[in-house]
$ cat my_file_2.cif   # mmCIF, C-alpha atoms and all ligand atoms; chains and numbers go by the auth columns
data_my_file
loop_
_atom_site.group_PDB
_atom_site.id
_atom_site.type_symbol
_atom_site.label_atom_id
_atom_site.label_comp_id
_atom_site.label_asym_id
_atom_site.label_seq_id
_atom_site.Cartn_x
_atom_site.Cartn_y
_atom_site.Cartn_z
_atom_site.B_iso_or_equiv
_atom_site.auth_seq_id
_atom_site.auth_asym_id
ATOM 1 C CA MET A 1 0.000 0.000 0.000 0.00 1 X
ATOM 2 C CA THR A 2 1.384 3.432 -0.943 0.00 2 X
ATOM 3 C CA LEU A 3 0.494 6.398 1.244 0.00 3 X
ATOM 4 C CA PRO A 4 -0.608 9.693 -0.360 0.00 4 X
ATOM 5 C CA PRO A 5 2.126 12.383 -0.546 0.00 5 X
ATOM 6 C CA GLU A 6 0.473 14.517 2.147 0.00 6 X
ATOM 7 C CA ALA A 7 0.321 11.584 4.631 0.00 7 X
ATOM 8 C CA TYR A 8 3.406 12.845 6.507 0.00 8 X
ATOM 9 C CA MET A 9 1.778 16.274 7.057 0.00 9 X
ATOM 10 C CA TRP A 10 -1.421 14.641 8.328 0.00 10 X
ATOM 11 C CA PHE A 11 0.517 12.431 10.732 0.00 11 X
ATOM 12 C CA LYS A 12 2.432 15.478 11.979 0.00 12 X
ATOM 13 C CA THR A 13 -0.757 17.566 12.386 0.00 13 X
ATOM 14 C CA LEU A 14 -2.458 14.823 14.398 0.00 14 X
ATOM 15 C CA HIS A 15 0.776 14.146 16.331 0.00 15 X
ATOM 16 C CA ILE A 16 0.891 17.796 17.483 0.00 16 X
ATOM 17 C CA ILE A 17 -2.856 17.767 18.351 0.00 17 X
ATOM 18 C CA GLY A 18 -2.224 14.577 20.361 0.00 18 X
ATOM 19 C CA VAL A 19 0.640 16.267 22.233 0.00 19 X
ATOM 20 C CA VAL A 20 -1.591 19.257 23.150 0.00 20 X
ATOM 21 C CA VAL A 21 -4.417 16.990 24.398 0.00 21 X
ATOM 22 C CA TRP A 22 -2.019 14.684 26.287 0.00 22 X
ATOM 23 C CA PHE A 23 -0.321 17.555 28.110 0.00 23 X
ATOM 24 C CA ALA A 24 -3.590 19.373 28.879 0.00 24 X
ATOM 25 C CA GLY A 25 -4.736 16.107 30.504 0.00 25 X
ATOM 26 C CA LEU A 26 -1.488 15.547 32.417 0.00 26 X
ATOM 27 C CA PHE A 27 -1.389 19.109 33.776 0.00 27 X
ATOM 28 C CA TYR A 28 -5.032 19.160 34.864 0.00 28 X
ATOM 29 C CA LEU A 29 -4.889 15.637 36.338 0.00 29 X
ATOM 30 C CA VAL A 30 -2.182 16.503 38.855 0.00 30 X
ATOM 31 C CA ARG A 31 -3.958 19.810 39.631 0.00 31 X
ATOM 32 C CA LEU A 32 -7.044 17.723 40.531 0.00 32 X
ATOM 33 C CA PHE A 33 -4.802 15.546 42.758 0.00 33 X
ATOM 34 C CA ILE A 34 -3.775 18.740 44.612 0.00 34 X
ATOM 35 C CA TYR A 35 -7.435 19.738 45.182 0.00 35 X
ATOM 36 C CA HIS A 36 -8.228 16.139 46.177 0.00 36 X
ATOM 37 C CA ILE A 37 -5.440 16.115 48.810 0.00 37 X
ATOM 38 C CA GLU A 38 -6.344 19.560 50.121 0.00 38 X
ATOM 39 C CA ALA A 39 -10.017 18.563 50.536 0.00 39 X
ATOM 40 C CA LYS A 40 -8.910 16.793 53.749 0.00 40 X
ATOM 41 C CA GLU A 41 -8.959 20.238 55.392 0.00 41 X
ATOM 42 C CA LEU A 42 -12.747 20.471 54.898 0.00 42 X
ATOM 43 C CA SER A 43 -15.336 19.438 57.488 0.00 43 X
ATOM 44 C CA GLU A 44 -16.083 15.676 57.752 0.00 44 X
ATOM 45 C CA ASP A 45 -19.400 15.728 55.833 0.00 45 X
ATOM 46 C CA LEU A 46 -18.059 17.920 52.996 0.00 46 X
ATOM 47 C CA LYS A 47 -14.737 16.085 52.762 0.00 47 X
ATOM 48 C CA PHE A 48 -16.183 12.778 51.535 0.00 48 X
ATOM 49 C CA ALA A 49 -18.485 14.437 49.011 0.00 49 X
ATOM 50 C CA PHE A 50 -15.440 16.268 47.567 0.00 50 X
ATOM 51 C CA TYR A 51 -13.327 13.079 47.580 0.00 51 X
ATOM 52 C CA GLU A 52 -15.988 11.328 45.528 0.00 52 X
ATOM 53 C CA GLN A 53 -16.366 14.207 43.099 0.00 53 X
ATOM 54 C CA TYR A 54 -12.603 14.551 42.560 0.00 54 X
ATOM 55 C CA SER A 55 -12.214 10.774 42.128 0.00 55 X
ATOM 56 C CA LEU A 56 -14.858 10.807 39.398 0.00 56 X
ATOM 57 C CA MET A 57 -13.316 13.848 37.665 0.00 57 X
ATOM 58 C CA GLU A 58 -9.827 12.303 37.791 0.00 58 X
ATOM 59 C CA LYS A 59 -10.986 8.977 36.343 0.00 59 X
ATOM 60 C CA ARG A 60 -12.894 10.649 33.499 0.00 60 X
ATOM 61 C CA LEU A 61 -10.058 13.062 32.710 0.00 61 X
ATOM 62 C CA ALA A 62 -7.434 10.291 32.690 0.00 62 X
ATOM 63 C CA ASN A 63 -9.480 7.863 30.600 0.00 63 X
ATOM 64 C CA ILE A 64 -11.272 10.265 28.225 0.00 64 X
ATOM 65 C CA ILE A 65 -8.623 12.967 27.639 0.00 65 X
ATOM 66 C CA THR A 66 -5.138 12.093 28.896 0.00 66 X
ATOM 67 C CA THR A 67 -4.717 8.492 27.719 0.00 67 X
ATOM 68 C CA PRO A 68 -6.423 9.031 24.317 0.00 68 X
ATOM 69 C CA GLY A 69 -4.075 12.061 23.858 0.00 69 X
ATOM 70 C CA MET A 70 -1.111 9.792 24.577 0.00 70 X
ATOM 71 C CA ILE A 71 -2.386 7.116 22.168 0.00 71 X
ATOM 72 C CA LEU A 72 -2.941 9.690 19.395 0.00 72 X
ATOM 73 C CA THR A 73 0.568 11.152 19.912 0.00 73 X
ATOM 74 C CA LEU A 74 2.254 7.751 19.813 0.00 74 X
ATOM 75 C CA THR A 75 0.270 6.228 16.924 0.00 75 X
ATOM 76 C CA MET A 76 0.842 9.325 14.775 0.00 76 X
ATOM 77 C CA ALA A 77 4.546 9.233 15.754 0.00 77 X
ATOM 78 C CA CYS A 78 4.642 5.653 14.406 0.00 78 X
ATOM 79 C CA GLY A 79 3.041 6.928 11.169 0.00 79 X
ATOM 80 C CA LEU A 80 5.757 9.614 10.895 0.00 80 X
ATOM 81 C CA LEU A 81 8.479 7.008 11.373 0.00 81 X
ATOM 82 C CA ILE A 82 6.900 4.647 8.823 0.00 82 X
ATOM 83 C CA VAL A 83 6.913 7.415 6.194 0.00 83 X
ATOM 84 C CA GLN A 84 10.376 8.677 7.207 0.00 84 X
ATOM 85 C CA PRO A 85 12.247 5.747 8.872 0.00 85 X
ATOM 86 C CA SER A 86 15.618 7.534 8.630 0.00 86 X
ATOM 87 C CA TRP A 87 14.638 9.761 11.637 0.00 87 X
ATOM 88 C CA ILE A 88 15.242 6.864 14.005 0.00 88 X
ATOM 89 C CA TYR A 89 18.999 6.837 13.215 0.00 89 X
ATOM 90 C CA GLN A 90 19.379 10.500 14.161 0.00 90 X
ATOM 91 C CA THR A 91 20.776 11.387 17.575 0.00 91 X
ATOM 92 C CA TRP A 92 18.108 14.005 18.362 0.00 92 X
ATOM 93 C CA MET A 93 15.389 11.390 17.811 0.00 93 X
ATOM 94 C CA GLN A 94 17.124 8.830 20.020 0.00 94 X
ATOM 95 C CA VAL A 95 17.501 11.452 22.773 0.00 95 X
ATOM 96 C CA LYS A 96 13.862 12.459 22.254 0.00 96 X
ATOM 97 C CA LEU A 97 12.763 8.838 22.719 0.00 97 X
ATOM 98 C CA VAL A 98 14.567 8.699 26.088 0.00 98 X
ATOM 99 C CA PHE A 99 12.566 11.743 27.270 0.00 99 X
ATOM 100 C CA VAL A 100 9.341 10.308 25.801 0.00 100 X
ATOM 101 C CA GLY A 101 10.100 7.166 27.856 0.00 101 X
ATOM 102 C CA ALA A 102 10.365 9.363 30.982 0.00 102 X
ATOM 103 C CA LEU A 103 7.037 10.981 30.065 0.00 103 X
ATOM 104 C CA LEU A 104 5.391 7.562 29.735 0.00 104 X
ATOM 105 C CA ILE A 105 6.697 6.569 33.179 0.00 105 X
ATOM 106 C CA TYR A 106 5.218 9.839 34.519 0.00 106 X
ATOM 107 C CA HIS A 107 1.892 9.116 32.778 0.00 107 X
ATOM 108 C CA PHE A 108 1.549 5.656 34.339 0.00 108 X
ATOM 109 C CA TYR A 109 2.782 6.893 37.708 0.00 109 X
ATOM 110 C CA CYS A 110 -0.127 9.377 37.647 0.00 110 X
ATOM 111 C CA TYR A 111 -2.476 6.385 37.324 0.00 111 X
ATOM 112 C CA LYS A 112 -0.792 4.827 40.375 0.00 112 X
ATOM 113 C CA LEU A 113 -1.248 8.081 42.335 0.00 113 X
ATOM 114 C CA MET A 114 -4.885 8.260 41.199 0.00 114 X
ATOM 115 C CA ASN A 115 -5.545 4.735 42.536 0.00 115 X
ATOM 116 C CA MET A 116 -3.790 5.565 45.803 0.00 116 X
ATOM 117 C CA LEU A 117 -5.896 8.727 46.206 0.00 117 X
ATOM 118 C CA GLN A 118 -9.105 6.869 45.445 0.00 118 X
ATOM 119 C CA ASN A 119 -8.274 4.282 48.114 0.00 119 X
ATOM 120 C CA ASN A 120 -7.208 6.982 50.616 0.00 120 X
ATOM 121 C CA LYS A 121 -3.665 5.587 50.608 0.00 121 X
ATOM 122 C CA CYS A 122 -1.808 8.576 49.174 0.00 122 X
ATOM 123 C CA LYS A 123 0.672 10.135 51.602 0.00 123 X
ATOM 124 C CA TRP A 124 1.760 12.973 49.281 0.00 124 X
ATOM 125 C CA THR A 125 1.255 16.583 50.413 0.00 125 X
ATOM 126 C CA GLY A 126 -0.271 19.247 48.147 0.00 126 X
ATOM 127 C CA GLN A 127 3.147 20.960 47.975 0.00 127 X
ATOM 128 C CA GLN A 128 4.870 17.749 46.806 0.00 128 X
ATOM 129 C CA MET A 129 2.161 17.261 44.176 0.00 129 X
ATOM 130 C CA ARG A 130 2.723 20.849 42.959 0.00 130 X
ATOM 131 C CA ALA A 131 6.435 20.131 42.550 0.00 131 X
ATOM 132 C CA LEU A 132 5.621 16.907 40.632 0.00 132 X
ATOM 133 C CA ASN A 133 3.409 18.921 38.282 0.00 133 X
ATOM 134 C CA GLU A 134 6.491 20.831 37.051 0.00 134 X
ATOM 135 C CA LEU A 135 8.136 17.686 35.675 0.00 135 X
ATOM 136 C CA PRO A 136 6.019 17.420 32.477 0.00 136 X
ATOM 137 C CA THR A 137 6.717 21.124 31.807 0.00 137 X
ATOM 138 C CA LEU A 138 10.446 20.400 31.764 0.00 138 X
ATOM 139 C CA LEU A 139 9.982 17.318 29.565 0.00 139 X
ATOM 140 C CA LEU A 140 7.789 19.330 27.189 0.00 140 X
ATOM 141 C CA VAL A 141 10.411 22.094 26.842 0.00 141 X
ATOM 142 C CA ILE A 142 13.212 19.585 26.184 0.00 142 X
ATOM 143 C CA VAL A 143 11.232 17.477 23.661 0.00 143 X
ATOM 144 C CA VAL A 144 9.946 20.508 21.729 0.00 144 X
ATOM 145 C CA MET A 145 13.479 21.946 21.600 0.00 145 X
ATOM 146 C CA LEU A 146 14.781 18.600 20.298 0.00 146 X
ATOM 147 C CA VAL A 147 12.224 18.399 17.462 0.00 147 X
ATOM 148 C CA VAL A 148 12.729 22.025 16.497 0.00 148 X
ATOM 149 C CA PHE A 149 16.547 22.245 16.712 0.00 149 X
ATOM 150 C CA LYS A 150 17.203 18.557 15.958 0.00 150 X
ATOM 151 C CA ASN A 151 20.974 17.876 15.874 0.00 151 X
ATOM 152 C CA ASN A 152 21.779 21.589 16.212 0.00 152 X
ATOM 153 C CA PHE A 153 20.623 21.745 19.836 0.00 153 X
ATOM 154 C CA PRO A 154 21.580 25.266 20.938 0.00 154 X
ATOM 155 C CA THR A 155 24.131 25.786 23.718 0.00 155 X
ATOM 156 C CA SER A 156 24.654 29.547 23.359 0.00 156 X
ATOM 157 C CA ALA A 157 24.367 32.075 26.215 0.00 157 X
ATOM 158 C CA ALA A 158 20.932 33.104 24.883 0.00 158 X
ATOM 159 C CA THR A 159 19.712 29.510 25.264 0.00 159 X
ATOM 160 C CA TRP A 160 20.878 29.279 28.863 0.00 160 X
ATOM 161 C CA PHE A 161 19.219 32.622 29.535 0.00 161 X
ATOM 162 C CA ILE A 162 15.878 31.323 28.204 0.00 162 X
ATOM 163 C CA VAL A 163 16.253 28.027 30.114 0.00 163 X
ATOM 164 C CA SER A 164 17.042 29.993 33.305 0.00 164 X
ATOM 165 C CA LEU A 165 13.938 32.146 32.776 0.00 165 X
ATOM 166 C CA ILE A 166 11.774 29.024 32.419 0.00 166 X
ATOM 167 C CA LEU A 167 13.283 27.514 35.582 0.00 167 X
ATOM 168 C CA LEU A 168 12.837 30.792 37.451 0.00 168 X
ATOM 169 C CA MET A 169 9.191 30.852 36.376 0.00 169 X
ATOM 170 C CA LEU A 170 8.657 27.281 37.633 0.00 170 X
ATOM 171 C CA PHE A 171 10.298 28.018 41.003 0.00 171 X
ATOM 172 C CA SER A 172 8.309 31.273 41.355 0.00 172 X
ATOM 173 C CA ILE A 173 5.045 29.352 40.857 0.00 173 X
ATOM 174 C CA GLN A 174 6.070 26.919 43.627 0.00 174 X
ATOM 175 C CA TYR A 175 7.160 29.743 45.921 0.00 175 X
ATOM 176 C CA TYR A 176 3.971 31.757 45.331 0.00 176 X
ATOM 177 C CA ALA A 177 1.819 28.680 46.100 0.00 177 X
ATOM 178 C CA LYS A 178 3.766 28.085 49.321 0.00 178 X
ATOM 179 C CA ILE A 179 3.417 31.706 50.493 0.00 179 X
ATOM 180 C CA ARG A 180 -0.304 31.701 49.663 0.00 180 X
ATOM 181 C CA ARG A 181 -0.830 28.518 51.681 0.00 181 X
ATOM 182 C CA LEU A 182 1.107 29.890 54.657 0.00 182 X
ATOM 183 C CA LYS A 183 -1.092 33.013 54.606 0.00 183 X
ATOM 184 C CA GLU A 184 -4.257 30.881 54.394 0.00 184 X
ATOM 185 C CA ASP A 185 -3.071 28.724 57.327 0.00 185 X
ATOM 186 C CA LYS A 186 -2.475 31.834 59.447 0.00 186 X
ATOM 187 C CA SER A 187 -5.900 33.391 58.758 0.00 187 X
HETATM 188 C C1 LIG B . 7.263 7.678 20.389 0.00 201 Y
HETATM 189 C C2 LIG B . 7.355 8.978 20.571 0.00 201 Y
HETATM 190 C C3 LIG B . 7.562 9.994 19.489 0.00 201 Y
HETATM 191 C C4 LIG B . 8.100 9.859 18.230 0.00 201 Y
HETATM 192 C C5 LIG B . 8.657 8.615 17.550 0.00 201 Y
HETATM 193 C C6 LIG B . 8.016 11.161 17.602 0.00 201 Y
HETATM 194 C C7 LIG B . 8.412 11.437 16.315 0.00 201 Y
HETATM 195 C C8 LIG B . 8.280 12.656 15.680 0.00 201 Y
HETATM 196 C C9 LIG B . 8.637 12.929 14.313 0.00 201 Y
HETATM 197 C C10 LIG B . 9.255 11.939 13.350 0.00 201 Y
HETATM 198 C C11 LIG B . 8.337 14.226 14.065 0.00 201 Y
HETATM 199 C C12 LIG B . 8.508 14.966 12.742 0.00 201 Y
HETATM 200 C C13 LIG B . 9.764 15.790 12.731 0.00 201 Y
HETATM 201 C C14 LIG B . 9.837 16.667 11.509 0.00 201 Y
HETATM 202 O O1 LIG B . 9.140 16.441 10.533 0.00 201 Y
HETATM 203 O O2 LIG B . 10.647 17.611 11.541 0.00 201 Y
HETATM 204 C C15 LIG B . 7.772 14.777 15.258 0.00 201 Y
HETATM 205 C C16 LIG B . 7.341 16.071 15.393 0.00 201 Y
HETATM 206 C C17 LIG B . 6.978 16.645 16.583 0.00 201 Y
HETATM 207 N N1 LIG B . 6.925 16.011 17.798 0.00 201 Y
HETATM 208 FE FE1 LIG B . 7.169 14.029 18.126 0.00 201 Y
HETATM 209 N N2 LIG B . 7.467 12.048 18.486 0.00 201 Y
HETATM 210 C C18 LIG B . 7.175 11.384 19.658 0.00 201 Y
HETATM 211 C C19 LIG B . 6.629 11.935 20.790 0.00 201 Y
HETATM 212 C C20 LIG B . 6.464 13.284 20.996 0.00 201 Y
HETATM 213 C C21 LIG B . 6.118 13.887 22.250 0.00 201 Y
HETATM 214 C C22 LIG B . 5.842 13.146 23.544 0.00 201 Y
HETATM 215 C C23 LIG B . 6.076 15.235 22.045 0.00 201 Y
HETATM 216 C C24 LIG B . 5.803 16.335 23.040 0.00 201 Y
HETATM 217 C C25 LIG B . 6.274 16.362 24.239 0.00 201 Y
HETATM 218 C C26 LIG B . 6.377 15.489 20.667 0.00 201 Y
HETATM 219 C C27 LIG B . 6.396 16.725 20.081 0.00 201 Y
HETATM 220 C C28 LIG B . 6.548 16.954 18.736 0.00 201 Y
HETATM 221 C C29 LIG B . 6.362 18.244 18.084 0.00 201 Y
HETATM 222 C C30 LIG B . 5.947 19.548 18.767 0.00 201 Y
HETATM 223 C C31 LIG B . 6.633 18.044 16.721 0.00 201 Y
HETATM 224 C C32 LIG B . 6.567 19.082 15.591 0.00 201 Y
HETATM 225 C C33 LIG B . 7.935 19.644 15.306 0.00 201 Y
HETATM 226 C C34 LIG B . 8.050 20.408 14.023 0.00 201 Y
HETATM 227 O O3 LIG B . 7.266 20.233 13.098 0.00 201 Y
HETATM 228 O O4 LIG B . 8.983 21.214 13.917 0.00 201 Y
HETATM 229 N N3 LIG B . 6.623 14.271 20.062 0.00 201 Y
HETATM 230 N N4 LIG B . 7.761 13.795 16.243 0.00 201 Y
#

$ encode --input "my_file_2.cif" --output "structure tokens"
Amino acid sequence: MTLPPEAYMWFKTLHIIGVVVWFAGLFYLVRLFIYHIEAKELSEDLKFAFYEQYSLMEKRLANIITTPGMILTLTMACGLLIVQPSWIYQTWMQVKLVFVGALLIYHFYCYKLMNMLQNNKCKWTGQQMRALNELPTLLLVIVVMLVVFKNNFPTSAATWFIVSLILLMLFSIQYYAKIRRLKEDKS
């Protein structure tokens, strides 16, 4: 079977859409875990109603958005490699696959956390969950840089400046959340 000439562009379009859906799901899932954990501060009667609601939202998000996003990304990636198999021999692609592997571990670890939360066995704090939520951001930045720059991965001062700004932004978000929680605890 021969694929039409525009097949590569279609695979790439759907691959990028898959990436957007997958990451939207991953980011929101861990945010729901934070709300789920912090619901323990509510009164007894409210707490269990919130636990149930968050459990339902997490399950639906993971199964209807996050995992289908992952499947779309990976199946379209296979399509891209079938049309252009030479990519697999390039260093940037091999490095990218290592980071995609890390992302897959993160994805399935989120399922483990979701099960632990639903069985009231999760010992993570909201702050730890917030820190975990930064990991996919870092993986996203690295993978997108790899596909854009390929084997010419930039190492100039400007690159390190941009990377430092991204890291500063991530740490500021963590710091702001911590300060806000301390203020809430005091009041
Ligand atoms: C098994 C995993 C994956 C494989 C084999 C794969 C493979 C590819 C290939 C072959 C391209 C086309 C490159 C080009 O035409 O220049 C591509 C594009 C792209 N990939 Fe992936 N990919 C995978 C996972 C991911 C993941 C997890 C992300 C996001 C974190 C991602 C983000 C992108 C983006 C943004 C593009 C578009 C780049 C551009 O057009 O300049 N990919 N991918």

$ residues_near_ligand --input "my_file_2.cif" --ligand "ligand LIG 201 (chain Y)" --cutoff "7 Å" --atoms "only C-alpha atoms and all ligand atoms" --output "PyMOL selection string"
chain X and resi 12+15-16+19+73-74+77-78+80-81+87+97+100+103+139-140+143-144+147-148

$ closest_residue --input "my_file_2.cif" --among "X:His36, X:His107, X:Lys59, X:Arg180" --to "X:Asn120" --atoms "all atoms listed in the file"
X:His36

$ residues_around --input "my_file_2.cif" --residues "stretch 170-178 of chain X" --least-positions-apart "4" --cutoff "8 Å" --atoms "all atoms listed in the file" --output "number ranges by chain"
X: 127, 130-131, 134, 166, 182

$ atom_distance --input "my_file_2.cif" --atom1 "atom CA of X:Asn115" --atom2 "atom CA of X:Lys47"
17.8 Å

$ closest_residue --input "my_file_2.cif" --among "X:Trp22, X:Trp124, X:Tyr109, X:Trp160" --to "X:Thr66" --atoms "all atoms listed in the file"
X:Trp22

$ residues_around --input "my_file_2.cif" --residues "X:Ala62" --least-positions-apart "4" --cutoff "7 Å" --atoms "only C-alpha atoms" --output "PyMOL selection string"
chain X and resi 25+29+58+66-67

$ resolve_selection --input "my_file_2.cif" --expression "the PyMOL selection byres (((chain X and resi 125) around 10) and not hetatm)" --output "list in words"
Phe33, Ile34, Ile37, Glu38, Cys122, Lys123, Trp124, Gly126, Gln127, Gln128, Met129 and Arg130 of chain X

$ closest_residue --input "my_file_2.cif" --among "X:Asn133, X:Thr13, X:Thr2, X:Ser187" --to "X:Leu32" --atoms "only C-alpha atoms"
X:Asn133

$ residues_around --input "my_file_2.cif" --residues "X:Ala49" --least-positions-apart "6" --cutoff "12 Å" --atoms "all atoms listed in the file" --output "list of chain:residue names"
X:His36, X:Ala39, X:Lys40, X:Leu42, X:Ser43, X:Ser55, X:Leu56

$ resolve_selection --input "my_file_2.cif" --expression "the PyMOL selection byres (((chain X and resi 150) around 9) and not hetatm)" --output "list in words"
Gln90, Thr91, Trp92, Met93, Met145, Leu146, Val147, Val148, Phe149, Asn151, Asn152 and Phe153 of chain X

$ write_last_selection --input "my_file_2.cif" --atoms "C-alpha atoms" --output "tab-separated table (two decimals), in the frame of the given file"
chain	number	residue	atom	x	y	z
X	90	GLN	CA	19.38	10.50	14.16
X	91	THR	CA	20.78	11.39	17.58
X	92	TRP	CA	18.11	14.00	18.36
X	93	MET	CA	15.39	11.39	17.81
X	145	MET	CA	13.48	21.95	21.60
X	146	LEU	CA	14.78	18.60	20.30
X	147	VAL	CA	12.22	18.40	17.46
X	148	VAL	CA	12.73	22.02	16.50
X	149	PHE	CA	16.55	22.24	16.71
X	151	ASN	CA	20.97	17.88	15.87
X	152	ASN	CA	21.78	21.59	16.21
X	153	PHE	CA	20.62	21.74	19.84

$ atom_distance --input "my_file_2.cif" --atom1 "atom CA of X:Phe23" --atom2 "atom CA of X:Tyr35"
18.6 Å

$ closest_residue --input "my_file_2.cif" --among "X:Tyr8, X:Leu72, X:Tyr28, X:Arg60" --to "X:Pro85" --atoms "only C-alpha atoms"
X:Tyr8

$ atom_distance --input "my_file_2.cif" --atom1 "atom CA of X:Met169" --atom2 "atom CA of X:Leu138"
11.5 Å

$ axis_aligned_box --input "my_file_2.cif" --around "stretch 164-167 of chain X" --padding-each-side "8 Å" --output "JSON"
{"center_x": 14.4, "center_y": 29.8, "center_z": 34.0, "size_x": 21.3, "size_y": 20.6, "size_z": 19.2}
